[in-house]
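Chemist: Sharing a structure below in structure tokens format, with a few things to ask.
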Amino acid sequence: MGCRERFVGKHFVGKTVTTSSQLALKTDRWGSIALSLVMGLCSGVAIALPVRAEVLVPYAPPIDSQWSDQAIELAQDAARLVQFEQYDEALARIRVAAYLAPKNPQVLRLMGGLYLQNQQLDRGIQVLESARAIAPDEPSVLLALGAAYGQQKRWGDALTTLQAGLKLQDSPSGRFDLGNVYMTMGQFTQAIEQFRQAVALEAKMWPAVNNIGLALYELGDRDNALKEWQAALAIDPTAAEPKMAIATASYAAAGCKPQSQEANCVKSLALAQEAIETDERYADLQYLKDNLWGDRLLKEAKALIERVRSVRSTAP
């Protein structure tokens, strides 16, 4: 999430984004962003919890002095539950905390992210917009809301809201999300610029490196796209997407035919099989499209995926 989680995901939830340990989680770029929002948001509530290394460490103002002790306790519980991916229980607690402290933007931000994680997109955006009305210059609220607009395919709103948040606080996940918006709008050069800035802030953010490759490929620069995918794979050798992208580009460059046994064709086919065995969704063209693969790469992926399916169908 390319990575949109997503993001961090993509995501990054994906490709959309998250703790460093979660950067390998790349599902649908805007579908996975809810997870990245939740994981990024829980640290925004000023609560003393063990924290993971994060791509986005949002600004966290002091806890509202009007909070009751019960609201603080509920928010702490919700943040702990998020750490253990118990989202329904976390949402139940943060809703009560928001009732007790309705003007605290950090609590609303966490609640909005949990609604998004729970596939309640309209409700999540409504809550995040309420947080923005209370704290219009809170960068973490703006970045979360901009990413949510992207999930809703409101590209203009996503663009302006993310840009506003990034003016207040730079963020690798914010840059990644903005790059994904530019990718979706077909503005590949602008997307590359944002992804490079994300990587400058978080060197191990392989989904951003991967997406640079996707953008370069659509611009006709196959050689440098391959270099970026190799770099992404060097960061995370288990990542399926750069493997599939390398296999696709290499298979096309070699001019492989359905029954070709030329060495480069066999090697590309094996790499594609490896990627698909890691994550079966990479055999689905719609999934690739949802993850920002452009028309050129998709056309070439189609031939390779058909070859993989043919080999599977004849396997003993």
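Residues in the structure tokens are numbered from 1 in each chain, the chains being A, B, ... in the order shown, and ligands are numbered from 1 in the order shown.
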For range 84-187 of chain A against range 216-235 of chain A, with a cut-off of 12 Å and counting only C-alpha atoms, what is the closest atom pair and its distance in Å to one decimal for every residue that makes the cut, ordered by chain and number, as a tab-separated table?

Modeler:
residue	atom	partner	partner_atom	distance
A:Met183	CA	A:Glu218	CA	10.0
A:Gly186	CA	A:Glu218	CA	9.2
A:Gln187	CA	A:Leu219	CA	10.0

Chemist: I'd like the contact shell of Gly255 in chain A - 12 Å cut-off, only C-alpha atoms, skipping same-chain residues fewer than 6 positions apart - returned as a PDB file with all heavy atoms, in the first residue's frame.

Modeler:
ATOM      1  N   THR A 248       6.748  -9.677 -12.515  1.00  0.00           N
ATOM      2  CA  THR A 248       5.925  -9.181 -13.623  1.00  0.00           C
ATOM      3  C   THR A 248       6.765  -8.394 -14.625  1.00  0.00           C
ATOM      4  O   THR A 248       6.698  -8.624 -15.842  1.00  0.00           O
ATOM      5  CB  THR A 248       4.786  -8.302 -13.093  1.00  0.00           C
ATOM      6  OG1 THR A 248       3.945  -9.087 -12.240  1.00  0.00           O
ATOM      7  CG2 THR A 248       3.960  -7.724 -14.223  1.00  0.00           C
ATOM      8  N   ALA A 249       7.549  -7.438 -14.104  1.00  0.00           N
ATOM      9  CA  ALA A 249       8.365  -6.606 -14.993  1.00  0.00           C
ATOM     10  C   ALA A 249       9.417  -7.436 -15.724  1.00  0.00           C
ATOM     11  O   ALA A 249       9.677  -7.229 -16.915  1.00  0.00           O
ATOM     12  CB  ALA A 249       9.020  -5.487 -14.191  1.00  0.00           C
ATOM     13  N   GLN A 261      10.515 -21.678 -21.871  1.00  0.00           N
ATOM     14  CA  GLN A 261      11.403 -22.260 -20.866  1.00  0.00           C
ATOM     15  C   GLN A 261      12.734 -21.510 -20.791  1.00  0.00           C
ATOM     16  O   GLN A 261      13.698 -22.013 -20.200  1.00  0.00           O
ATOM     17  CB  GLN A 261      11.654 -23.736 -21.190  1.00  0.00           C
ATOM     18  CG  GLN A 261      10.413 -24.610 -21.102  1.00  0.00           C
ATOM     19  CD  GLN A 261       9.792 -24.596 -19.719  1.00  0.00           C
ATOM     20  OE1 GLN A 261      10.493 -24.749 -18.719  1.00  0.00           O
ATOM     21  NE2 GLN A 261       8.470 -24.395 -19.650  1.00  0.00           N
ATOM     22  N   GLU A 262      12.774 -20.330 -21.380  1.00  0.00           N
ATOM     23  CA  GLU A 262      13.985 -19.499 -21.298  1.00  0.00           C
ATOM     24  C   GLU A 262      14.276 -19.174 -19.837  1.00  0.00           C
ATOM     25  O   GLU A 262      13.368 -19.018 -19.031  1.00  0.00           O
ATOM     26  CB  GLU A 262      13.771 -18.241 -22.133  1.00  0.00           C
ATOM     27  CG  GLU A 262      15.035 -17.448 -22.415  1.00  0.00           C
ATOM     28  CD  GLU A 262      15.337 -16.438 -21.317  1.00  0.00           C
ATOM     29  OE1 GLU A 262      14.378 -15.941 -20.713  1.00  0.00           O
ATOM     30  OE2 GLU A 262      16.524 -16.170 -21.080  1.00  0.00           O
ATOM     31  N   ALA A 263      15.554 -19.080 -19.495  1.00  0.00           N
ATOM     32  CA  ALA A 263      15.962 -18.984 -18.092  1.00  0.00           C
ATOM     33  C   ALA A 263      15.299 -17.829 -17.352  1.00  0.00           C
ATOM     34  O   ALA A 263      14.803 -17.997 -16.223  1.00  0.00           O
ATOM     35  CB  ALA A 263      17.487 -18.867 -18.003  1.00  0.00           C
ATOM     36  N   ASN A 264      15.270 -16.641 -17.973  1.00  0.00           N
ATOM     37  CA  ASN A 264      14.664 -15.492 -17.300  1.00  0.00           C
ATOM     38  C   ASN A 264      13.162 -15.673 -17.101  1.00  0.00           C
ATOM     39  O   ASN A 264      12.595 -15.202 -16.111  1.00  0.00           O
ATOM     40  CB  ASN A 264      14.940 -14.214 -18.092  1.00  0.00           C
ATOM     41  CG  ASN A 264      16.376 -13.747 -17.972  1.00  0.00           C
ATOM     42  OD1 ASN A 264      17.045 -14.027 -16.971  1.00  0.00           O
ATOM     43  ND2 ASN A 264      16.874 -13.048 -18.975  1.00  0.00           N
ATOM     44  N   CYS A 265      12.534 -16.373 -18.025  1.00  0.00           N
ATOM     45  CA  CYS A 265      11.095 -16.618 -17.892  1.00  0.00           C
ATOM     46  C   CYS A 265      10.821 -17.584 -16.751  1.00  0.00           C
ATOM     47  O   CYS A 265       9.892 -17.384 -15.944  1.00  0.00           O
ATOM     48  CB  CYS A 265      10.539 -17.180 -19.204  1.00  0.00           C
ATOM     49  SG  CYS A 265      10.722 -16.049 -20.607  1.00  0.00           S
ATOM     50  N   VAL A 266      11.616 -18.629 -16.676  1.00  0.00           N
ATOM     51  CA  VAL A 266      11.455 -19.607 -15.596  1.00  0.00           C
ATOM     52  C   VAL A 266      11.713 -18.958 -14.238  1.00  0.00           C
ATOM     53  O   VAL A 266      10.984 -19.196 -13.268  1.00  0.00           O
ATOM     54  CB  VAL A 266      12.408 -20.798 -15.817  1.00  0.00           C
ATOM     55  CG1 VAL A 266      12.384 -21.735 -14.613  1.00  0.00           C
ATOM     56  CG2 VAL A 266      12.030 -21.550 -17.086  1.00  0.00           C
ATOM     57  N   SER A 268      11.392 -15.734 -13.449  1.00  0.00           N
ATOM     58  CA  SER A 268      10.300 -14.805 -13.142  1.00  0.00           C
ATOM     59  C   SER A 268       9.059 -15.563 -12.691  1.00  0.00           C
ATOM     60  O   SER A 268       8.369 -15.150 -11.753  1.00  0.00           O
ATOM     61  CB  SER A 268       9.975 -13.949 -14.369  1.00  0.00           C
ATOM     62  OG  SER A 268      11.078 -13.168 -14.756  1.00  0.00           O
ATOM     63  N   GLU A 300       0.648  -6.423 -17.903  1.00  0.00           N
ATOM     64  CA  GLU A 300       1.723  -7.404 -17.925  1.00  0.00           C
ATOM     65  C   GLU A 300       1.541  -8.457 -16.835  1.00  0.00           C
ATOM     66  O   GLU A 300       1.923  -9.623 -17.017  1.00  0.00           O
ATOM     67  CB  GLU A 300       3.061  -6.678 -17.814  1.00  0.00           C
ATOM     68  CG  GLU A 300       3.317  -5.815 -19.047  1.00  0.00           C
ATOM     69  CD  GLU A 300       4.540  -4.936 -18.959  1.00  0.00           C
ATOM     70  OE1 GLU A 300       5.127  -4.850 -17.860  1.00  0.00           O
ATOM     71  OE2 GLU A 300       4.912  -4.335 -19.988  1.00  0.00           O
ATOM     72  N   ALA A 303      -0.767 -11.579 -17.935  1.00  0.00           N
ATOM     73  CA  ALA A 303      -0.142 -12.695 -18.646  1.00  0.00           C
ATOM     74  C   ALA A 303       0.601 -13.612 -17.686  1.00  0.00           C
ATOM     75  O   ALA A 303       0.546 -14.850 -17.808  1.00  0.00           O
ATOM     76  CB  ALA A 303       0.808 -12.157 -19.711  1.00  0.00           C
ATOM     77  N   LEU A 304       1.283 -13.032 -16.721  1.00  0.00           N
ATOM     78  CA  LEU A 304       2.047 -13.838 -15.771  1.00  0.00           C
ATOM     79  C   LEU A 304       1.122 -14.637 -14.858  1.00  0.00           C
ATOM     80  O   LEU A 304       1.365 -15.823 -14.586  1.00  0.00           O
ATOM     81  CB  LEU A 304       2.972 -12.937 -14.960  1.00  0.00           C
ATOM     82  CG  LEU A 304       3.841 -13.623 -13.897  1.00  0.00           C
ATOM     83  CD1 LEU A 304       4.671 -14.746 -14.504  1.00  0.00           C
ATOM     84  CD2 LEU A 304       4.742 -12.601 -13.211  1.00  0.00           C
TER      85      LEU A 304
END

Chemist: Which residue is closest to Tyr282 in chain A? Choose from A:Asp157, A:Asp77, A:Glu241, A:Asp88 and count only C-alpha atoms.

Modeler: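 Nearest candidate to Tyr282 in chain A out of A:Asp157, A:Asp77, A:Glu241, A:Asp88: A:Glu241.
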
Chemist: Going by DSSP on the backbone, which residues of range 47-159 of chain A come out as alpha helix (DSSP H)? List them as a PyMOL selection string.

Modeler: chain A and resi 69-83+87-100+105-117+121-134+139-151+155-159
